[in-house]
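Below is the file final35.cif, which contains mmCIF, C-alpha atoms and all ligand atoms.
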```
data_my_file
#
loop_
_atom_site.label_atom_id
_atom_site.label_comp_id
_atom_site.auth_asym_id
_atom_site.auth_seq_id
_atom_site.Cartn_x
_atom_site.Cartn_y
_atom_site.Cartn_z
CA MET A 231 -14.73 4.57 35.95
CA THR A 232 -17.41 3.55 33.50
CA GLY A 233 -17.43 0.15 31.87
CA ASN A 234 -16.62 1.82 28.61
CA THR A 235 -13.49 3.48 29.97
CA MET A 236 -12.24 0.24 31.41
CA GLU A 237 -12.18 -1.39 28.02
CA ASN A 238 -9.85 1.25 26.65
CA LEU A 239 -6.30 0.06 26.22
CA LEU A 240 -5.11 3.56 25.35
CA GLU A 241 -6.62 6.88 26.37
CA VAL A 242 -5.08 10.04 25.01
CA ARG A 243 -6.39 13.27 26.52
CA ASN A 244 -5.61 16.86 25.51
CA LEU A 245 -2.14 15.89 24.37
CA SER A 246 -0.05 18.83 23.19
CA THR A 247 3.52 18.54 21.94
CA PHE A 248 5.41 21.69 21.04
CA PHE A 249 8.85 22.43 19.58
CA ASP A 250 10.80 25.52 20.55
CA THR A 251 12.22 26.83 17.30
CA ARG A 252 14.11 30.00 16.43
CA LYS A 253 10.99 31.37 14.76
CA GLY A 254 8.72 30.63 17.70
CA VAL A 255 6.75 27.82 19.29
CA LEU A 256 5.66 25.17 16.81
CA LYS A 257 2.49 23.46 18.01
CA ALA A 258 3.00 20.11 16.29
CA VAL A 259 0.30 18.35 18.31
CA ASN A 260 -2.37 20.53 19.83
CA ASP A 261 -5.00 19.25 22.24
CA VAL A 262 -5.36 15.76 20.80
CA SER A 263 -7.71 13.23 22.42
CA PHE A 264 -8.73 9.73 21.37
CA ASP A 265 -9.35 6.25 22.73
CA LEU A 266 -8.37 2.82 21.55
CA LYS A 267 -9.92 -0.40 22.74
CA LYS A 268 -8.31 -3.80 22.83
CA GLY A 269 -8.07 -5.29 19.35
CA GLU A 270 -9.20 -2.07 17.72
CA ILE A 271 -7.50 -0.55 14.67
CA LEU A 272 -7.30 3.23 14.52
CA GLY A 273 -6.26 5.14 11.43
CA LEU A 274 -4.49 8.44 12.03
CA VAL A 275 -4.71 10.33 8.77
CA GLY A 276 -3.70 13.76 7.54
CA GLU A 277 -1.38 15.55 5.17
CA SER A 278 2.35 15.99 5.61
CA GLY A 279 3.23 18.02 8.68
CA SER A 280 -0.18 17.62 10.33
CA GLY A 281 1.36 16.04 13.43
CA LYS A 282 0.79 12.30 12.94
CA SER A 283 4.35 11.16 13.66
CA VAL A 284 4.75 13.55 16.58
CA THR A 285 1.52 12.13 18.07
CA ALA A 286 2.92 8.58 17.72
CA LEU A 287 6.31 9.55 19.12
CA SER A 288 4.71 11.40 22.04
CA ILE A 289 2.81 8.25 23.03
CA MET A 290 6.00 6.20 22.70
CA GLY A 291 7.90 8.67 24.89
CA LEU A 292 10.32 9.45 22.07
CA ILE A 293 10.14 13.24 21.96
CA ASP A 294 13.53 14.88 22.43
CA PRO A 295 14.39 18.56 22.97
CA PRO A 296 13.64 21.07 21.51
CA GLY A 297 10.37 19.14 21.59
CA TYR A 298 8.37 18.71 24.77
CA ILE A 299 4.96 17.55 25.95
CA ALA A 300 3.30 20.79 26.91
CA GLU A 301 0.13 19.27 28.27
CA GLY A 302 -2.06 16.23 28.42
CA SER A 303 -2.16 12.61 29.27
CA ALA A 304 -1.74 9.25 27.56
CA LYS A 305 -2.76 6.25 29.60
CA PHE A 306 -1.87 2.75 28.52
CA ALA A 307 -3.72 0.00 30.39
CA GLY A 308 -4.34 2.57 33.11
CA CYS A 309 -0.65 3.64 33.40
CA GLU A 310 0.28 7.23 32.65
CA LEU A 311 2.90 7.31 29.90
CA ILE A 312 3.59 11.04 30.00
CA GLY A 313 6.36 11.71 32.45
CA MET A 314 6.95 8.01 33.09
CA PRO A 315 10.56 7.35 34.15
CA GLU A 316 12.79 6.37 31.20
CA GLU A 317 13.52 2.93 32.61
CA GLU A 318 9.82 2.03 32.93
CA LYS A 319 9.18 3.41 29.45
CA ARG A 320 11.93 1.23 28.02
CA LEU A 321 10.32 -1.82 29.56
CA LEU A 322 6.97 -0.98 27.97
CA ARG A 323 8.46 -0.08 24.60
CA GLY A 324 9.17 -3.02 22.40
CA LYS A 325 7.44 -5.29 24.84
CA ARG A 326 3.84 -4.21 25.47
CA ILE A 327 3.92 -1.38 22.92
CA ALA A 328 5.81 -1.75 19.65
CA MET A 329 6.44 0.79 16.93
CA ILE A 330 7.07 0.16 13.25
CA PHE A 331 8.78 3.00 11.44
CA GLN A 332 8.48 4.06 7.82
CA ASP A 333 12.02 3.02 6.97
CA PRO A 334 12.79 -0.27 8.69
CA MET A 335 16.47 -0.04 7.73
CA MET A 336 16.71 2.76 10.25
CA SER A 337 16.28 0.33 13.11
CA LEU A 338 18.34 -2.52 11.63
CA ASN A 339 22.13 -2.61 11.80
CA PRO A 340 23.33 -3.53 8.25
CA VAL A 341 26.29 -5.62 9.45
CA LEU A 342 24.17 -7.89 11.67
CA ARG A 343 22.24 -10.87 10.42
CA ILE A 344 18.49 -10.71 11.02
CA ASP A 345 18.60 -13.60 13.49
CA THR A 346 21.17 -11.67 15.56
CA HIS A 347 18.81 -8.67 15.65
CA MET A 348 15.91 -10.80 16.73
CA VAL A 349 17.73 -12.93 19.31
CA GLU A 350 19.18 -9.76 20.86
CA SER A 351 15.78 -8.16 20.96
CA ILE A 352 14.32 -11.19 22.73
CA THR A 353 17.13 -11.69 25.25
CA ALA A 354 17.13 -7.97 26.09
CA HIS A 355 13.64 -8.32 27.51
CA ARG A 356 13.53 -11.77 29.01
CA LYS A 357 15.80 -14.58 30.14
CA THR A 358 15.84 -17.19 27.43
CA ASP A 359 18.46 -19.26 25.61
CA ARG A 360 19.42 -18.75 21.98
CA LYS A 361 17.64 -21.86 20.78
CA GLU A 362 14.37 -20.75 22.31
CA ALA A 363 14.83 -17.23 20.89
CA VAL A 364 15.47 -18.55 17.37
CA LYS A 365 12.32 -20.65 17.65
CA LYS A 366 10.33 -17.52 18.47
CA ALA A 367 11.97 -15.67 15.55
CA VAL A 368 10.96 -18.46 13.16
CA GLU A 369 7.43 -18.34 14.53
CA VAL A 370 6.99 -14.59 13.94
CA PHE A 371 8.59 -14.83 10.47
CA ARG A 372 6.00 -17.45 9.63
CA LYS A 373 3.22 -15.26 11.06
CA VAL A 374 4.02 -12.40 8.69
CA GLY A 375 4.29 -14.68 5.67
CA ILE A 376 8.06 -14.82 5.07
CA PRO A 377 8.79 -18.04 3.15
CA SER A 378 11.59 -20.41 4.34
CA PRO A 379 11.92 -18.62 7.68
CA GLU A 380 14.84 -20.73 9.01
CA LYS A 381 16.90 -19.88 5.94
CA ARG A 382 15.88 -16.22 5.67
CA LEU A 383 16.76 -15.55 9.31
CA LYS A 384 20.42 -16.03 8.40
CA ASP A 385 20.29 -13.19 5.84
CA TYR A 386 21.47 -9.61 6.30
CA PRO A 387 19.01 -6.70 6.06
CA HIS A 388 20.15 -5.71 2.53
CA GLN A 389 19.25 -9.19 1.24
CA PHE A 390 15.57 -8.46 1.77
CA SER A 391 13.44 -6.56 -0.74
CA GLY A 392 11.52 -3.47 0.43
CA GLY A 393 8.35 -5.44 1.06
CA MET A 394 10.20 -8.23 2.84
CA ARG A 395 12.06 -5.73 5.02
CA GLN A 396 8.73 -4.31 6.12
CA ARG A 397 7.58 -7.83 6.97
CA VAL A 398 10.78 -8.27 9.00
CA ALA A 399 10.04 -5.02 10.84
CA ILE A 400 6.50 -6.21 11.57
CA ALA A 401 7.86 -9.62 12.67
CA ILE A 402 10.29 -7.89 15.07
CA SER A 403 7.43 -5.84 16.50
CA LEU A 404 5.57 -9.11 17.22
CA LEU A 405 8.44 -10.76 19.12
CA HIS A 406 7.10 -9.86 22.54
CA ASN A 407 3.42 -10.30 21.79
CA PRO A 408 2.68 -6.56 22.16
CA GLU A 409 -0.77 -5.33 23.09
CA LEU A 410 -0.42 -2.20 20.98
CA ILE A 411 1.45 -1.62 17.72
CA ILE A 412 1.95 1.88 16.37
CA ALA A 413 2.80 1.76 12.67
CA ASP A 414 4.01 5.03 11.13
CA GLU A 415 3.41 4.83 7.36
CA PRO A 416 5.16 1.47 7.12
CA THR A 417 3.87 0.63 3.67
CA THR A 418 4.01 4.04 1.99
CA ALA A 419 7.20 3.31 0.05
CA LEU A 420 5.95 -0.04 -1.25
CA ASP A 421 4.11 -0.80 -4.44
CA VAL A 422 0.38 -1.25 -4.23
CA THR A 423 0.24 -5.06 -4.45
CA ILE A 424 2.84 -5.57 -1.72
CA GLN A 425 1.12 -2.92 0.38
CA GLU A 426 -2.21 -4.75 0.02
CA GLN A 427 -0.62 -8.05 1.10
CA ILE A 428 0.99 -6.50 4.17
CA LEU A 429 -2.22 -4.71 5.16
CA TYR A 430 -4.08 -7.98 4.83
CA GLU A 431 -1.53 -9.78 7.03
CA ILE A 432 -1.51 -7.07 9.68
CA GLU A 433 -5.29 -6.99 9.86
CA ARG A 434 -5.32 -10.77 10.32
CA LEU A 435 -2.58 -10.62 12.97
CA SER A 436 -4.44 -7.93 14.88
CA ARG A 437 -7.68 -9.91 14.73
CA GLU A 438 -6.19 -13.28 15.68
CA ASN A 439 -4.05 -11.95 18.53
CA ASN A 440 -6.40 -9.18 19.72
CA VAL A 441 -3.64 -6.59 19.19
CA SER A 442 -4.63 -2.93 19.02
CA LEU A 443 -3.17 -0.96 16.18
CA ILE A 444 -2.60 2.69 15.36
CA TRP A 445 -1.95 3.03 11.65
CA VAL A 446 -0.49 6.38 10.62
CA THR A 447 -0.98 7.35 6.99
CA HIS A 448 -1.50 10.31 4.67
CA ASP A 449 -3.55 8.02 2.43
CA ILE A 450 -7.15 7.77 3.59
CA ALA A 451 -7.83 5.00 1.05
CA VAL A 452 -5.24 2.72 2.69
CA ILE A 453 -7.04 2.98 5.97
CA ALA A 454 -10.53 2.53 4.55
CA GLY A 455 -10.32 -1.24 4.42
CA LEU A 456 -8.28 -1.63 7.60
CA ALA A 457 -9.28 0.69 10.43
CA HIS A 458 -12.33 0.43 12.66
CA LYS A 459 -12.10 4.12 13.37
CA LEU A 460 -10.41 7.23 12.05
CA CYS A 461 -8.86 10.38 13.42
CA VAL A 462 -8.30 13.07 10.83
CA MET A 463 -5.52 15.50 11.74
CA TYR A 464 -5.02 18.99 10.45
CA ALA A 465 -2.41 21.46 11.75
CA GLY A 466 -1.78 19.47 14.92
CA LYS A 467 -5.44 18.94 15.80
CA ILE A 468 -7.88 16.13 15.33
CA VAL A 469 -10.55 17.84 13.28
CA GLU A 470 -12.78 14.78 12.89
CA ARG A 471 -13.01 11.36 14.47
CA GLY A 472 -15.43 8.51 14.24
CA THR A 473 -15.98 5.01 12.98
CA THR A 474 -14.41 4.54 9.56
CA ASP A 475 -17.78 3.91 7.94
CA GLU A 476 -19.39 7.02 9.39
CA VAL A 477 -16.48 9.29 8.54
CA LEU A 478 -16.10 7.98 5.00
CA ASP A 479 -19.82 7.85 4.24
CA ASN A 480 -20.64 11.17 5.88
CA PRO A 481 -17.53 13.30 6.31
CA ALA A 482 -18.53 16.25 8.50
CA HIS A 483 -15.40 18.37 8.26
CA PRO A 484 -14.81 20.20 4.97
CA TYR A 485 -11.16 19.06 5.15
CA THR A 486 -12.11 15.38 5.46
CA LYS A 487 -14.54 15.79 2.60
CA GLY A 488 -11.75 17.31 0.54
CA LEU A 489 -9.47 14.38 1.38
CA ILE A 490 -12.02 11.85 0.27
CA HIS A 491 -12.99 13.72 -2.86
CA SER A 492 -9.42 14.29 -3.90
CA LEU A 493 -9.00 10.55 -4.26
CA PRO A 494 -9.43 9.35 -7.84
CA GLU A 495 -11.45 6.39 -6.60
CA MET A 496 -12.11 5.29 -3.07
CA ASN A 497 -11.00 1.79 -3.97
CA THR A 498 -7.65 2.80 -5.42
CA ARG A 499 -5.14 2.23 -2.68
CA GLY A 500 -1.66 3.63 -2.56
CA LYS A 501 -2.35 6.85 -4.42
CA PRO A 502 -0.83 9.94 -2.81
CA LEU A 503 -3.16 12.54 -1.42
CA GLN A 504 -4.06 15.26 -3.90
CA GLN A 505 -3.58 18.80 -2.76
CA ILE A 506 -6.68 20.57 -1.56
CA PRO A 507 -6.65 24.02 -3.13
CA GLY A 508 -5.71 27.05 -1.09
CA MET A 509 -2.86 28.16 1.08
CA SER A 510 -1.43 25.76 3.58
CA TYR A 511 -0.95 26.84 7.17
CA SER A 512 2.27 27.78 8.87
CA PRO A 513 2.59 25.65 11.99
CA ILE A 514 4.34 28.47 13.88
CA ASP A 515 2.22 31.24 15.33
CA LEU A 516 -1.02 29.80 14.06
CA PRO A 517 -3.64 32.54 14.09
CA PRO A 518 -6.59 31.95 16.43
CA GLY A 519 -9.61 30.11 15.15
CA CYS A 520 -9.89 27.20 12.79
CA ALA A 521 -6.57 26.42 11.06
CA PHE A 522 -8.37 25.28 7.91
CA LYS A 523 -10.30 28.54 7.44
CA GLU A 524 -7.96 29.91 4.74
CA ARG A 525 -8.68 26.92 2.53
CA CYS A 526 -12.27 26.25 3.51
CA PRO A 527 -15.12 27.04 1.11
CA LEU A 528 -17.50 27.40 4.07
CA ALA A 529 -15.39 29.71 6.24
CA ASP A 530 -16.99 32.86 7.62
CA ILE A 531 -16.51 35.22 10.54
CA SER A 532 -17.39 32.55 13.11
CA CYS A 533 -14.30 30.55 12.09
CA GLU A 534 -12.08 33.23 13.65
CA GLN A 535 -12.98 31.53 16.96
CA ASN A 536 -11.76 28.11 18.01
CA PRO A 537 -14.30 25.52 16.92
CA GLY A 538 -15.33 23.25 19.76
CA VAL A 539 -16.26 19.61 19.36
CA THR A 540 -19.65 18.94 17.77
CA LYS A 541 -21.24 15.55 18.21
CA ILE A 542 -22.60 14.20 14.95
CA SER A 543 -23.51 10.85 16.51
CA GLU A 544 -22.37 8.69 19.42
CA ASN A 545 -19.32 7.60 17.41
CA HIS A 546 -18.68 10.63 15.26
CA HIS A 547 -17.30 14.02 16.32
CA VAL A 548 -16.08 17.04 14.42
CA CYS A 549 -14.39 20.37 15.20
CA CYS A 550 -16.10 22.78 12.84
CA PHE A 551 -18.63 25.60 12.95
CA HIS A 552 -20.17 24.41 9.70
CA PRO A 553 -20.25 20.64 9.86
CA LEU A 554 -21.63 18.93 6.80
CA MET A 555 -24.54 16.74 7.74
N1 LIG A 601 12.33 17.54 15.79
C1 LIG A 601 11.56 18.51 15.35
N2 LIG A 601 11.90 19.80 15.51
C2 LIG A 601 11.12 20.81 15.05
N3 LIG A 601 9.92 20.62 14.45
C3 LIG A 601 9.51 19.35 14.27
C4 LIG A 601 10.30 18.23 14.70
N4 LIG A 601 9.63 17.09 14.39
C5 LIG A 601 8.49 17.48 13.78
N5 LIG A 601 8.41 18.84 13.71
C6 LIG A 601 7.33 19.62 13.12
O1 LIG A 601 6.11 19.19 13.69
C7 LIG A 601 5.06 19.24 12.72
C8 LIG A 601 4.39 17.87 12.67
O2 LIG A 601 5.33 16.95 12.13
P1 LIG A 601 5.02 15.41 11.94
O3 LIG A 601 6.32 14.76 11.64
O4 LIG A 601 4.25 14.89 13.10
O5 LIG A 601 4.09 15.43 10.66
P2 LIG A 601 3.43 14.18 9.92
O6 LIG A 601 1.95 14.39 9.97
O7 LIG A 601 3.97 12.92 10.47
O8 LIG A 601 3.92 14.43 8.43
P3 LIG A 601 4.45 13.39 7.32
O9 LIG A 601 3.21 12.87 6.62
O10 LIG A 601 5.27 14.26 6.41
O11 LIG A 601 5.24 12.33 8.00
C9 LIG A 601 5.71 19.66 11.42
O12 LIG A 601 5.49 21.04 11.23
C10 LIG A 601 7.17 19.37 11.65
O13 LIG A 601 7.97 20.25 10.88
MG MG A 602 5.19 11.40 9.72
#
```
Kindly transcribe the structure held in the file into structure tokens.
Amino acid sequence: MTGNTMENLLEVRNLSTFFDTRKGVLKAVNDVSFDLKKGEILGLVGESGSGKSVTALSIMGLIDPPGYIAEGSAKFAGCELIGMPEEEKRLLRGKRIAMIFQDPMMSLNPVLRIDTHMVESITAHRKTDRKEAVKKAVEVFRKVGIPSPEKRLKDYPHQFSGGMRQRVAIAISLLHNPELIIADEPTTALDVTIQEQILYEIERLSRENNVSLIWVTHDIAVIAGLAHKLCVMYAGKIVERGTTDEVLDNPAHPYTKGLIHSLPEMNTRGKPLQQIPGMSYSPIDLPPGCAFKERCPLADISCEQNPGVTKISENHHVCCFHPLM
């Protein structure tokens, strides 16, 4: 193992997750590879249906039939997650790896007070008394900037505003001091100011606690100020990856360039992605070759083949026969 590999907290290699559907095999995630070091923030960006959530769920071991991991590996701190027994996965989930979903109400029971949720979550993973657990809950509430934490802990989920509920979800994810948090569009439904505040808090939390973060979003502008590196997904594949600065300053894939140029202003966060002209792909029975070719201004006969990975620089790779340089 090289020194570089040892630093990786997460190593995803050739991960493919398919769904058997009546119309055929849907390749939701197709040969995806990336690394994440300790304390690093990775932005996973792409339009709706590109496979971002399925990538996150595959790593978390939350793919149910008709979905299945067709191939590949995901190692967390050297442990293989794919095929790990359910019991071991449960121990890792919520404890060393936490996930924040888009709609936090989904994971909160409306008839239980927030403190009940949090105390239960703590006592499920380690032996501790209620007093100790409440103390921890207050601590994480404070960490995510919820005012009057002792009082707010006694509230029910519906008593929190959208932004506050997201803070609660982030606070819950911090209960066990996870090493990795996977956040699936947790701020998309919030207004821009609240979103900015939460992004600021999460960046600070990651930095202060050396927590690695995968931030899933369709909004490349959100990630610009947050992520150290980016993976751009299209039709189940990572078409470009690199440090955020390199990818944003010099996008090499025509799709990434389209994403960036479709933004009204790079500094305007929270705006939905504009459509890139051309036909979208059907994720079932994808024709061979580059999936973006139908919409790509640079496509030619070579794009009928599968584009391999081209190295733009040490920290910047693209899958394209006509990379922009
Ligand atoms: N349970 C499922 N059964 C069948 N197909 C699925 C299932 N879950 C996801 N898919 C398909 O897998 C593909 C990738 O979906 P995924 O949810 O990962 O997209 P996404 O990038 O997260 O999109 P969004 O931005 O809309 O959340 C889509 O074509 C989707 O329809
Ligand atoms: Mg999604």
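Comparing A:Gly313, A:Ser280, A:Leu256, A:Glu318 by their smallest distance to Pro296 of chain A, the closest is A:Leu256 (using all atoms listed in the file).
Compared by their closest atoms to ligand MG 602 (chain A), and using all atoms listed in the file, the residues A:Ser492, A:Ser391, A:Ser278, A:Asn339 rank with A:Ser278 nearest.
Our summary of the geometry notes that atom CA of Lys541 of chain A is positioned 23.7 Å from atom CA of Lys268 of chain A.
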Around ligand LIG 601 (chain A), out to 8 Å and counting only C-alpha atoms and all ligand atoms, which residues are there? I want them as a PyMOL selection string.
chain A and resi 248-251+256-259+275-286+293-297+414-415+446-448+463+465-466+512-514
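Distances here use only C-alpha atoms and all ligand atoms; by that measure, the residue among A:Glu362, A:Glu316, A:Asp475, A:Asp333 closest to ligand MG 602 (chain A) is A:Asp333.
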Scan for residues within 12 Å of the point (23.1, -3.3, 11.8) in the coordinates of the file, using only C-alpha atoms, and reply as a CSV table (one decimal) with C-alpha atoms, in the frame of the given file.
```csv
chain,number,residue,atom,x,y,z
A,334,PRO,CA,12.8,-0.3,8.7
A,335,MET,CA,16.5,0.0,7.7
A,336,MET,CA,16.7,2.8,10.2
A,337,SER,CA,16.3,0.3,13.1
A,338,LEU,CA,18.3,-2.5,11.6
A,339,ASN,CA,22.1,-2.6,11.8
A,340,PRO,CA,23.3,-3.5,8.2
A,341,VAL,CA,26.3,-5.6,9.4
A,342,LEU,CA,24.2,-7.9,11.7
A,343,ARG,CA,22.2,-10.9,10.4
A,344,ILE,CA,18.5,-10.7,11.0
A,345,ASP,CA,18.6,-13.6,13.5
A,346,THR,CA,21.2,-11.7,15.6
A,347,HIS,CA,18.8,-8.7,15.6
A,348,MET,CA,15.9,-10.8,16.7
A,350,GLU,CA,19.2,-9.8,20.9
A,385,ASP,CA,20.3,-13.2,5.8
A,386,TYR,CA,21.5,-9.6,6.3
A,387,PRO,CA,19.0,-6.7,6.1
A,388,HIS,CA,20.2,-5.7,2.5
```
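Once Ile330 of chain A and its same-chain neighbours fewer than 3 positions away are set aside, Ala399, Ile400, Ser403, Ile412, Ala413, Asp414 and Pro416 of chain A remain within 7 Å of it when counting all atoms listed in the file.
As for atom CA of Ala307 of chain A and atom CA of Ser246 of chain A, they are spaced 20.5 Å apart.
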What lies within 9 Å of Asn536 of chain A using all atoms listed in the file, ignoring chain neighbours under 5 positions off, as a VMD selection string?
chain A and resid 518 to 521 549 to 551
May I have the centre and edge lengths, in Å to one decimal, of an axis-aligned box around the listed atoms of segment 347-365 of chain A with 3 Å added to every side, as lines of an AutoDock Vina configuration file?
```
center_x = 15.9
center_y = -14.9
center_z = 22.9
size_x = 13.1
size_y = 19.9
size_z = 20.5
```
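The interatomic distance for the pair atom CA of Ile402 of chain A and atom CA of Leu274 of chain A works out to 22.2 Å.
Comparing A:Gly393, A:Trp445, A:Val422, A:Cys533 by their smallest distance to ligand MG 602 (chain A), the closest is A:Trp445 (using all atoms listed in the file).
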List every protein, DNA or RNA residue with an atom no more than 12 Å from (-20.3, 9.2, 21.6) in the file's coordinates, counting all atoms listed in the file, and format the result as an NGL selection string.
:A and (234 or 264-265 or 471-473 or 539-548)
Using only C-alpha atoms and all ligand atoms, the best pick from A:Phe331, A:Phe306, A:Tyr298, A:Phe371 as closest to ligand MG 602 (chain A) would be A:Phe331
From the set A:Glu310, A:Glu301, A:Glu524, A:Asp449, which residue has the shortest atom-to-atom contact distance to ligand MG 602 (chain A), counting all atoms listed in the file?
A:Asp449
